[in-house]
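What's in structure-v2.txt: compact mmCIF, C-alpha atoms
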```
# COMPACT_ATOMS: atom_id res chain seq x y z
CA ARG A 1 33.45 33.04 42.99
CA HIS A 2 36.87 34.60 43.57
CA GLN A 3 39.44 32.09 44.76
CA PRO A 4 42.74 33.69 45.83
CA GLY A 5 45.85 31.70 45.03
CA SER A 6 48.74 30.82 47.30
CA LEU A 7 52.28 32.05 46.73
CA LEU A 8 53.43 28.47 46.06
CA SER A 9 50.76 27.93 43.41
CA MET A 10 51.71 31.18 41.66
CA ILE A 11 55.41 30.27 41.72
CA ALA A 12 54.44 26.95 40.15
CA LEU A 13 52.31 28.73 37.54
CA VAL A 14 55.21 30.97 36.49
CA ALA A 15 57.72 28.11 36.52
CA GLY A 16 55.39 25.72 34.68
CA THR A 17 54.57 28.30 32.02
CA THR A 18 58.27 28.94 31.47
CA VAL A 19 59.32 25.29 31.15
CA GLY A 20 57.88 24.45 27.76
CA ALA A 21 58.74 24.56 24.09
CA GLY A 22 61.76 26.81 24.59
CA CYS A 23 63.31 24.30 26.98
CA LEU A 24 62.91 21.49 24.46
CA ALA A 25 64.54 23.55 21.70
CA LEU A 26 67.48 24.99 23.63
CA PRO A 27 70.15 22.31 22.94
CA ALA A 28 69.44 22.51 19.21
CA VAL A 29 70.79 26.06 19.13
CA SER A 30 73.33 25.89 21.97
CA VAL A 31 75.47 23.05 20.58
CA PRO A 32 77.03 25.18 17.79
CA VAL A 33 77.59 28.05 20.24
CA GLY A 34 79.39 26.31 23.10
CA LEU A 35 78.93 26.23 26.86
CA LEU A 36 80.09 29.65 28.03
CA PRO A 37 78.41 31.73 25.27
CA SER A 38 75.14 29.81 25.56
CA THR A 39 75.19 30.13 29.36
CA SER A 40 75.74 33.88 29.03
CA SER A 41 72.82 34.13 26.59
CA LEU A 42 70.51 32.27 28.97
CA ILE A 43 71.41 34.46 31.95
CA ALA A 44 71.07 37.65 29.90
CA ALA A 45 67.67 36.51 28.59
CA TRP A 46 66.52 35.67 32.13
CA LEU A 47 67.53 39.09 33.46
CA TYR A 48 65.79 40.88 30.59
CA MET A 49 62.60 38.86 30.96
CA LEU A 50 62.59 39.25 34.75
CA VAL A 51 62.86 43.04 34.55
CA SER A 52 60.16 43.19 31.87
CA GLY A 53 57.96 40.85 33.92
CA LEU A 54 58.29 43.02 37.03
CA LEU A 55 57.48 46.14 35.00
CA LEU A 56 54.45 44.41 33.51
CA ALA A 57 53.32 43.50 37.02
CA GLU A 58 53.52 47.19 37.99
CA VAL A 59 51.29 48.11 35.04
CA SER A 60 48.90 45.29 35.87
CA LEU A 61 48.59 46.36 39.52
CA HIS A 62 48.08 49.98 38.49
CA THR A 63 45.35 48.95 36.04
CA MET A 64 43.62 46.86 38.71
CA CYS A 65 43.57 49.86 41.08
CA THR A 66 42.40 52.25 38.38
CA LEU A 67 39.57 50.07 37.08
CA GLY A 68 38.64 48.68 40.50
CA ARG A 69 38.59 45.03 39.39
CA SER A 70 41.04 42.14 39.26
CA GLY A 71 39.96 40.42 36.05
CA ILE A 72 42.21 42.30 33.63
CA SER A 73 44.53 41.38 30.77
CA ILE A 74 46.88 43.00 28.28
CA LEU A 75 43.77 44.52 26.66
CA SER A 76 42.83 46.64 29.70
CA MET A 77 46.44 47.55 30.36
CA ALA A 78 47.00 48.64 26.76
CA GLU A 79 43.77 50.66 26.64
CA LEU A 80 44.75 52.51 29.81
CA THR A 81 48.31 53.25 28.70
CA LEU A 82 48.25 53.28 24.87
CA GLY A 83 44.67 54.15 24.01
CA LYS A 84 42.21 52.31 21.78
CA ALA A 85 44.49 52.13 18.74
CA GLY A 86 47.45 50.85 20.73
CA ALA A 87 45.22 48.32 22.48
CA GLY A 88 44.01 47.05 19.11
CA VAL A 89 47.55 46.44 17.87
CA ALA A 90 48.69 44.90 21.15
CA SER A 91 45.63 42.65 21.28
CA ALA A 92 46.14 41.40 17.71
CA VAL A 93 49.77 40.51 18.41
CA TYR A 94 48.86 38.92 21.75
CA VAL A 95 46.16 36.69 20.25
CA PHE A 96 48.38 35.69 17.31
CA LEU A 97 51.28 34.68 19.55
CA HIS A 98 49.01 32.74 21.89
CA TYR A 99 47.37 30.85 19.06
CA ALA A 100 50.77 30.07 17.54
CA LEU A 101 52.12 28.70 20.82
CA LEU A 102 48.93 26.80 21.65
CA VAL A 103 49.11 25.15 18.23
CA ALA A 104 52.70 24.23 19.03
CA TYR A 105 51.86 22.75 22.42
CA MET A 106 48.82 20.86 21.14
CA GLY A 107 50.79 19.51 18.17
CA GLN A 108 53.85 18.40 20.12
CA GLY A 109 51.88 17.23 23.14
CA GLY A 110 49.57 15.25 20.89
CA ASN A 111 52.52 13.80 19.00
CA VAL A 112 54.22 12.54 22.18
CA LEU A 113 50.91 11.15 23.42
CA ALA A 114 50.22 9.44 20.09
CA GLU A 115 53.65 7.76 20.22
CA GLN A 116 52.88 6.38 23.67
CA ILE A 117 49.42 4.99 22.89
CA GLY A 118 50.15 3.99 19.29
CA SER A 119 47.47 6.17 17.70
CA PRO A 120 47.46 8.52 14.70
CA THR A 121 48.96 11.93 15.42
CA TRP A 122 45.67 13.74 14.85
CA PHE A 123 43.95 11.59 17.48
CA GLY A 124 46.72 12.27 20.00
CA THR A 125 46.34 16.01 19.37
CA VAL A 126 42.58 15.94 19.87
CA LEU A 127 42.90 13.74 22.98
CA PHE A 128 45.58 15.95 24.51
CA SER A 129 43.55 19.12 23.88
CA ALA A 130 40.31 17.57 25.16
CA VAL A 131 41.77 16.06 28.34
CA VAL A 132 44.04 18.91 29.42
CA GLY A 133 41.92 21.77 28.09
CA GLY A 134 38.69 20.15 29.28
CA SER A 135 40.11 19.69 32.77
CA LEU A 136 40.99 23.39 32.96
CA PHE A 137 37.41 24.22 31.99
CA ILE A 138 35.63 21.73 34.26
CA PHE A 139 37.57 21.94 37.52
CA PRO A 140 37.62 24.96 39.87
CA SER A 141 40.53 27.36 39.70
CA ARG A 142 41.90 26.29 43.09
CA ALA A 143 41.90 22.61 42.09
CA VAL A 144 43.71 23.47 38.86
CA ASP A 145 46.32 25.46 40.81
CA GLN A 146 46.91 22.55 43.19
CA ALA A 147 47.18 20.10 40.30
CA ASN A 148 49.63 22.42 38.57
CA VAL A 149 51.84 22.52 41.68
CA ALA A 150 51.93 18.71 41.61
CA LEU A 151 52.67 18.66 37.88
CA VAL A 152 55.54 21.14 38.25
CA ALA A 153 56.96 19.09 41.13
CA LEU A 154 56.72 15.97 38.97
CA THR A 155 58.37 17.83 36.09
CA VAL A 156 61.31 18.77 38.33
CA PHE A 157 61.60 15.21 39.61
CA THR A 158 61.52 13.81 36.08
CA PHE A 159 64.05 16.40 35.00
CA CYS A 160 66.44 15.36 37.79
CA SER A 161 66.03 11.71 36.81
CA LEU A 162 66.66 12.60 33.18
CA VAL A 163 69.80 14.54 34.04
CA LEU A 164 71.10 11.61 36.12
CA GLY A 165 70.27 9.22 33.31
CA THR A 166 72.16 11.28 30.74
CA ALA A 167 74.95 12.45 33.06
CA PRO A 168 78.21 12.88 31.15
CA SER A 169 81.32 10.94 32.05
CA GLY A 170 84.33 12.54 33.67
CA ASP A 171 86.15 12.59 30.33
CA GLN A 172 83.20 14.31 28.67
CA LEU A 173 83.06 16.94 31.42
CA SER A 174 86.80 17.55 31.14
CA ALA A 175 86.53 17.86 27.38
CA LEU A 176 83.68 20.34 27.73
CA ALA A 177 85.52 22.41 30.36
CA THR A 178 88.70 22.64 28.27
CA SER A 179 87.04 22.96 24.89
CA SER A 180 88.00 25.96 22.80
CA ASP A 181 85.16 25.32 20.39
CA VAL A 182 83.05 28.34 21.31
CA ASN A 183 81.26 30.81 19.11
CA TRP A 184 80.65 34.11 20.86
CA GLY A 185 79.16 35.52 17.67
CA GLY A 186 76.47 32.84 17.83
CA ALA A 187 75.49 33.86 21.35
CA PHE A 188 73.56 36.82 19.99
CA GLY A 189 71.81 34.59 17.46
CA MET A 190 70.76 32.30 20.30
CA LEU A 191 69.05 35.11 22.22
CA PRO A 192 65.63 34.84 20.47
CA THR A 193 65.35 31.18 21.48
CA ALA A 194 66.63 31.95 24.99
CA VAL A 195 64.07 34.74 25.36
CA LEU A 196 61.30 32.44 24.12
CA ALA A 197 62.38 29.91 26.73
CA MET A 198 61.81 32.50 29.48
CA VAL A 199 58.28 33.60 28.51
CA TYR A 200 55.74 33.71 31.33
CA HIS A 201 54.46 37.27 30.95
CA ASN A 202 51.01 36.20 29.79
CA VAL A 203 50.25 34.92 33.31
CA VAL A 204 51.51 38.04 35.11
CA PRO A 205 47.99 39.58 35.29
CA VAL A 206 46.68 36.24 36.58
CA VAL A 207 49.37 36.18 39.27
CA CYS A 208 48.56 39.77 40.29
CA ALA A 209 44.85 38.98 40.50
CA LYS A 210 45.21 35.72 42.43
CA LEU A 211 47.64 37.26 44.90
CA GLU A 212 45.12 40.10 45.32
CA GLY A 213 47.52 42.88 44.40
CA ASP A 214 50.07 42.07 47.12
CA VAL A 215 53.17 43.67 45.58
CA ALA A 216 55.74 41.78 47.67
CA ARG A 217 54.15 38.40 46.97
CA VAL A 218 53.77 39.16 43.26
CA ARG A 219 57.45 40.05 42.99
CA SER A 220 58.43 36.94 44.96
CA ALA A 221 56.34 34.75 42.67
CA LEU A 222 57.94 36.18 39.53
CA ILE A 223 61.51 36.03 40.83
CA ALA A 224 61.27 32.53 42.32
CA GLY A 225 59.07 31.20 39.53
CA SER A 226 61.49 32.30 36.81
CA SER A 227 64.67 31.35 38.70
CA LEU A 228 63.76 27.66 38.93
CA PRO A 229 63.53 27.25 35.12
CA LEU A 230 66.79 29.18 34.70
CA VAL A 231 68.61 26.66 36.88
CA MET A 232 66.97 23.80 34.97
CA PHE A 233 67.93 25.32 31.61
CA LEU A 234 71.56 25.84 32.65
CA VAL A 235 71.89 22.29 33.96
CA TRP A 236 70.11 20.80 30.93
CA ASN A 237 72.21 22.85 28.53
CA GLY A 238 75.47 21.73 30.12
CA ASP A 239 74.31 18.12 30.33
CA ILE A 240 73.37 17.96 26.65
CA LEU A 241 76.51 19.79 25.51
CA ALA A 242 78.70 17.34 27.43
CA SER A 243 76.92 14.06 26.76
CA ALA A 244 74.86 14.39 23.60
CA SER A 245 76.52 17.01 21.40
CA SER A 246 77.98 14.39 19.07
CA LEU A 247 74.58 12.77 18.71
CA ILE A 248 72.90 16.07 17.86
CA SER A 249 75.67 17.17 15.51
CA SER A 250 75.56 13.92 13.55
CA ALA A 251 71.80 14.13 13.28
CA ALA A 252 71.98 17.73 12.09
CA ALA A 253 74.52 16.85 9.42
CA GLY A 254 71.81 15.36 7.25
CA THR A 255 69.36 18.20 7.78
CA ASP A 256 69.40 21.97 7.60
CA GLY A 257 71.31 22.07 10.88
CA ILE A 258 68.19 22.17 13.09
CA VAL A 259 67.24 19.06 15.03
CA ASP A 260 65.05 18.17 17.98
CA PRO A 261 67.55 16.81 20.54
CA LEU A 262 64.86 15.05 22.60
CA ALA A 263 63.60 13.24 19.50
CA GLU A 264 67.15 12.07 18.76
CA MET A 265 67.60 10.92 22.36
CA ARG A 266 64.30 9.00 22.24
CA ARG A 267 65.50 7.18 19.13
CA ALA A 268 69.08 6.55 20.27
CA SER A 269 68.71 5.88 24.00
CA ASN A 270 67.66 2.75 25.81
CA SER A 271 63.93 2.20 26.23
CA SER A 272 63.70 3.38 29.85
CA LEU A 273 65.54 6.63 29.15
CA GLY A 274 63.49 7.16 26.03
CA GLN A 275 60.31 6.79 28.08
CA LEU A 276 61.66 9.27 30.63
CA VAL A 277 62.37 11.78 27.88
CA SER A 278 58.79 11.39 26.63
CA VAL A 279 57.35 11.88 30.14
CA PHE A 280 59.45 14.99 30.71
CA SER A 281 58.46 16.40 27.32
CA GLU A 282 54.77 15.84 27.98
CA LEU A 283 54.89 17.32 31.49
CA ALA A 284 56.80 20.38 30.29
CA ILE A 285 54.26 20.94 27.53
CA ILE A 286 51.25 20.44 29.84
CA THR A 287 52.46 22.91 32.49
CA SER A 288 53.25 25.53 29.87
CA PHE A 289 49.95 24.83 28.10
CA ILE A 290 48.10 25.57 31.35
CA GLY A 291 49.71 28.99 31.62
CA PHE A 292 48.92 29.97 28.05
CA VAL A 293 45.32 28.81 28.35
CA TYR A 294 45.04 30.90 31.51
CA GLY A 295 46.45 33.91 29.69
CA LEU A 296 44.22 33.74 26.61
CA THR A 297 40.99 32.88 28.43
CA GLU A 298 41.57 35.81 30.78
CA PHE A 299 42.13 38.04 27.75
CA VAL A 300 38.87 36.95 26.08
CA GLN A 301 36.90 37.32 29.31
CA ASP A 302 38.42 40.77 29.86
CA ALA A 303 37.31 41.83 26.38
CA LEU A 304 33.79 40.50 26.93
CA ARG A 305 33.65 42.01 30.42
CA SER A 306 34.71 45.44 29.18
CA LYS A 307 32.01 45.33 26.51
CA GLN A 308 29.40 44.23 29.06
CA ILE A 309 30.38 47.01 31.48
CA ALA A 310 30.04 49.62 28.74
CA GLN A 311 26.61 48.29 27.76
CA THR A 312 25.45 48.17 31.39
CA GLN A 313 26.53 51.75 31.98
CA GLN A 314 24.58 52.88 28.93
CA GLN A 315 21.47 50.99 30.10
CA GLU A 316 21.73 52.42 33.62
CA GLN A 317 22.06 55.93 32.26
CA GLY A 318 18.92 55.40 30.20
CA ALA A 319 16.92 53.64 32.92
CA GLY A 320 18.22 55.68 35.83
CA ALA A 321 18.81 52.56 37.98
CA PRO A 322 20.79 49.30 37.86
CA VAL A 323 19.20 46.79 35.51
CA ASP A 324 21.27 43.68 36.21
CA SER A 325 20.58 41.26 39.07
CA GLN A 326 23.06 39.08 40.89
CA HIS A 327 21.62 36.02 39.16
CA GLY A 328 21.95 37.70 35.80
CA ALA A 329 25.54 38.70 36.53
CA THR A 330 26.40 35.08 37.41
CA GLN A 331 24.85 33.87 34.17
CA THR A 332 26.83 36.47 32.26
CA ARG A 333 30.12 35.37 33.85
CA ASN A 334 29.40 31.72 33.04
CA HIS A 335 28.55 32.66 29.46
CA GLU A 336 31.77 34.66 29.14
CA ARG A 337 33.77 31.73 30.48
CA ASN A 338 32.19 29.33 27.99
CA ILE A 339 33.01 31.63 25.12
CA ALA A 340 36.56 32.22 26.38
CA PHE A 341 37.45 28.52 26.60
CA SER A 342 35.84 27.74 23.25
CA ALA A 343 37.76 30.55 21.54
CA THR A 344 40.98 29.50 23.27
CA LEU A 345 40.93 25.75 22.62
CA ILE A 346 39.00 24.98 19.45
CA PRO A 347 40.81 27.07 16.75
CA PRO A 348 44.39 26.05 17.70
CA CYS A 349 43.32 22.41 18.03
CA MET A 350 41.91 22.47 14.50
CA ILE A 351 45.11 24.04 13.15
CA ALA A 352 47.29 21.50 15.01
CA VAL A 353 45.28 18.64 13.51
CA ILE A 354 45.53 20.04 9.99
CA SER A 355 49.24 20.97 10.27
CA PRO A 356 50.87 18.67 12.87
CA ASP A 357 54.46 19.60 11.94
CA LEU A 358 54.31 23.29 12.87
CA PHE A 359 56.01 22.79 16.25
CA PHE A 360 59.51 21.96 15.02
```
Could I get this structure in the form of structure tokens?
Amino acid sequence: RHQPGSLLSMIALVAGTTVGAGCLALPAVSVPVGLLPSTSSLIAAWLYMLVSGLLLAEVSLHTMCTLGRSGISILSMAELTLGKAGAGVASAVYVFLHYALLVAYMGQGGNVLAEQIGSPTWFGTVLFSAVVGGSLFIFPSRAVDQANVALVALTVFTFCSLVLGTAPSGDQLSALATSSDVNWGGAFGMLPTAVLAMVYHNVVPVVCAKLEGDVARVRSALIAGSSLPLVMFLVWNGDILASASSLISSAAAGTDGIVDPLAEMRRASNSSLGQLVSVFSELAIITSFIGFVYGLTEFVQDALRSKQIAQTQQQEQGAGAPVDSQHGATQTRNHERNIAFSATLIPPCMIAVISPDLFF
């Protein structure tokens, strides 16, 4: 049964999808660049991703009107605009990227969970995937949306607590403000990570469908939902650059120059702050994981639905009358949903268990 979403829940979906792996990786690439160049890269990435998100929403709404149904994905949009060949290429890239990111979220989420409960990493990965993924499958869409709003609110609260707990001193802020150690050339190199941090486009069709094609509300959801993470990223970036740059730089000296700043803070900080970092990491991963599961399950169901529609049309042409009952249609939708969640959750979970270090 169709359950329209509220504007608040869709803002939370966009914001929660955005605050994920990119957020955790940002300080690792911004420290060598400096405050002003990294801030410029983040704002430029946000503007680019906002414009592309709004354009994608226009295509999604047009596809919904053309096909006369709300359950669409990048597959339907690509078929309508690029043809079968273009849809095949777009679909392959879409599935690959989603699997890669789901592996990342399952691996890192499972790793943080395993640290907290003292279990092997593989068990934490399986438990994380089963609990979070299973909840998305079991509970109704509206309940998931409401839970996601609460999770995003908790993420913001934890983020604020984390920023207060790692707040730089006055001397550190003065040093950061007057520092001439900036690398404008590195700002361009930071853009791929900044763009990754702003990804929410996979849930744009979901937002359009749940807001029932209301253009004004869709645009509001995308603008507000992406602006909240931007503010968080800018504050987090400045906080880390001022208070933890020496910690990250010293840790990177013994590596290839790439380091997980949150992992270093968990090891170097007091126990309460370390726990707060772990909670924030897990919440950020869960909210982003929800968005990517939404995106891929909708894609799989769209593919199955398109195939079923084509088969039904052929049968009706041969029989001269509709051959599918309401009961049969409900069974078909349930079957499609089962397949979609299985295809979305099981393969990346297996890969994350086999290769737990793919995230960082």
Shell of 12 Å around Ala92 (chain A), only C-alpha atoms, local chain residues under 2 positions omitted, as a PDB file with C-alpha atoms, in the coordinates of the input:
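Contents of the output file out-v8.pdb:
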```pdb
ATOM      1  CA  ILE A  74      46.880  43.000  28.280  1.00  0.00           C
ATOM      2  CA  LEU A  75      43.770  44.520  26.660  1.00  0.00           C
ATOM      3  CA  ALA A  78      47.000  48.640  26.760  1.00  0.00           C
ATOM      4  CA  ALA A  85      44.490  52.130  18.740  1.00  0.00           C
ATOM      5  CA  GLY A  86      47.450  50.850  20.730  1.00  0.00           C
ATOM      6  CA  ALA A  87      45.220  48.320  22.480  1.00  0.00           C
ATOM      7  CA  GLY A  88      44.010  47.050  19.110  1.00  0.00           C
ATOM      8  CA  VAL A  89      47.550  46.440  17.870  1.00  0.00           C
ATOM      9  CA  ALA A  90      48.690  44.900  21.150  1.00  0.00           C
ATOM     10  CA  TYR A  94      48.860  38.920  21.750  1.00  0.00           C
ATOM     11  CA  VAL A  95      46.160  36.690  20.250  1.00  0.00           C
ATOM     12  CA  PHE A  96      48.380  35.690  17.310  1.00  0.00           C
ATOM     13  CA  LEU A  97      51.280  34.680  19.550  1.00  0.00           C
ATOM     14  CA  HIS A  98      49.010  32.740  21.890  1.00  0.00           C
ATOM     15  CA  TYR A  99      47.370  30.850  19.060  1.00  0.00           C
ATOM     16  CA  LEU A 296      44.220  33.740  26.610  1.00  0.00           C
ATOM     17  CA  PHE A 299      42.130  38.040  27.750  1.00  0.00           C
ATOM     18  CA  VAL A 300      38.870  36.950  26.080  1.00  0.00           C
TER      19      VAL A 300
END
```
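Minimum distance to Ile354 (chain A) across A:Leu101, A:Leu151, A:Met106, A:Val156 (counting only C-alpha atoms) occurs at A:Met106.
Distances from A:Val277, A:Glu212, A:Ser60, A:Tyr294 to Ser6 (chain A) were compared using only C-alpha atoms, and the smallest one belongs to A:Glu212.
We find CA of Leu127 (chain A) and CA of Gln275 (chain A) to be spaced 19.4 Å apart.
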For CA of Phe188 (chain A) and CA of Pro37 (chain A), determine how far apart the two atoms are, in Å to one decimal place.
-> 8.8 Å
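Take CA of Asn111 (chain A) and CA of Gly124 (chain A): the distance between them is 6.1 Å.
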Mind checking which residues fall within 9 Å of Val215 (chain A), counting all atoms listed in the file, ignoring those fewer than 3 positions away in the same chain, and posting them as a PDB file with C-alpha atoms, in the coordinates of the input?
```
ATOM      1  CA  ALA A  57      53.320  43.500  37.020  1.00  0.00           C
ATOM      2  CA  GLU A  58      53.520  47.190  37.990  1.00  0.00           C
ATOM      3  CA  LEU A  61      48.590  46.360  39.520  1.00  0.00           C
ATOM      4  CA  CYS A 208      48.560  39.770  40.290  1.00  0.00           C
ATOM      5  CA  LEU A 211      47.640  37.260  44.900  1.00  0.00           C
ATOM      6  CA  GLU A 212      45.120  40.100  45.320  1.00  0.00           C
ATOM      7  CA  VAL A 218      53.770  39.160  43.260  1.00  0.00           C
ATOM      8  CA  ARG A 219      57.450  40.050  42.990  1.00  0.00           C
ATOM      9  CA  SER A 220      58.430  36.940  44.960  1.00  0.00           C
TER      10      SER A 220
END
```
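Taking all atoms listed in the file into account, Val131 (chain A) lies nearest to A:Gly109 out of the set A:Gly109, A:Gly291, A:Gly83, A:Gly225.
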Could you pull the residues within 7 Å of Phe137 (chain A), counting all atoms listed in the file, minus those fewer than 3 positions along the same chain, as a PyMOL selection string?
-> chain A and resi 133-134+341
Show me as number ranges by chain the residues that reach within 12 Å of (62.8, 29.4, 34.7), counting all atoms listed in the file and using the file's own coordinates.
-> A: 11-20, 22-23, 42-43, 45-47, 49-50, 152, 156, 194-200, 221-236, 284, 288
Shell around Ser70 (chain A) at 9 Å using all atoms listed in the file, local window under 6 positions removed, as a CSV table (one decimal) with C-alpha atoms, in the coordinates of the input:
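The result, stored in out15.csv:
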```csv
chain,number,residue,atom,x,y,z
A,61,LEU,CA,48.6,46.4,39.5
A,63,THR,CA,45.4,49.0,36.0
A,64,MET,CA,43.6,46.9,38.7
A,205,PRO,CA,48.0,39.6,35.3
A,206,VAL,CA,46.7,36.2,36.6
A,208,CYS,CA,48.6,39.8,40.3
A,209,ALA,CA,44.8,39.0,40.5
A,210,LYS,CA,45.2,35.7,42.4
A,212,GLU,CA,45.1,40.1,45.3
A,213,GLY,CA,47.5,42.9,44.4
```
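The closest residue to Leu7 (chain A), picked from A:Ser38, A:Gln146, A:Ser281, A:Thr66 and counting all atoms listed in the file, is A:Gln146.
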Which neighbours of Pro356 (chain A) fall inside 12 Å, counting all atoms listed in the file, when residues of the same chain fewer than 6 positions from it are skipped, and could you give them as a list of chain:residue names?
-> A:Val103, A:Ala104, A:Tyr105, A:Met106, A:Gly107, A:Gln108, A:Gly109, A:Gly110, A:Asn111, A:Val112, A:Ala114, A:Pro120, A:Thr121, A:Trp122, A:Phe123, A:Gly124, A:Thr125, A:Val126, A:Pro348, A:Cys349, A:Met350
Min atom-atom distance to Arg217 (chain A) from the set A:Ser41, A:Ser9, A:Ser30, A:Gln331, counting only C-alpha atoms, belongs to A:Ser9
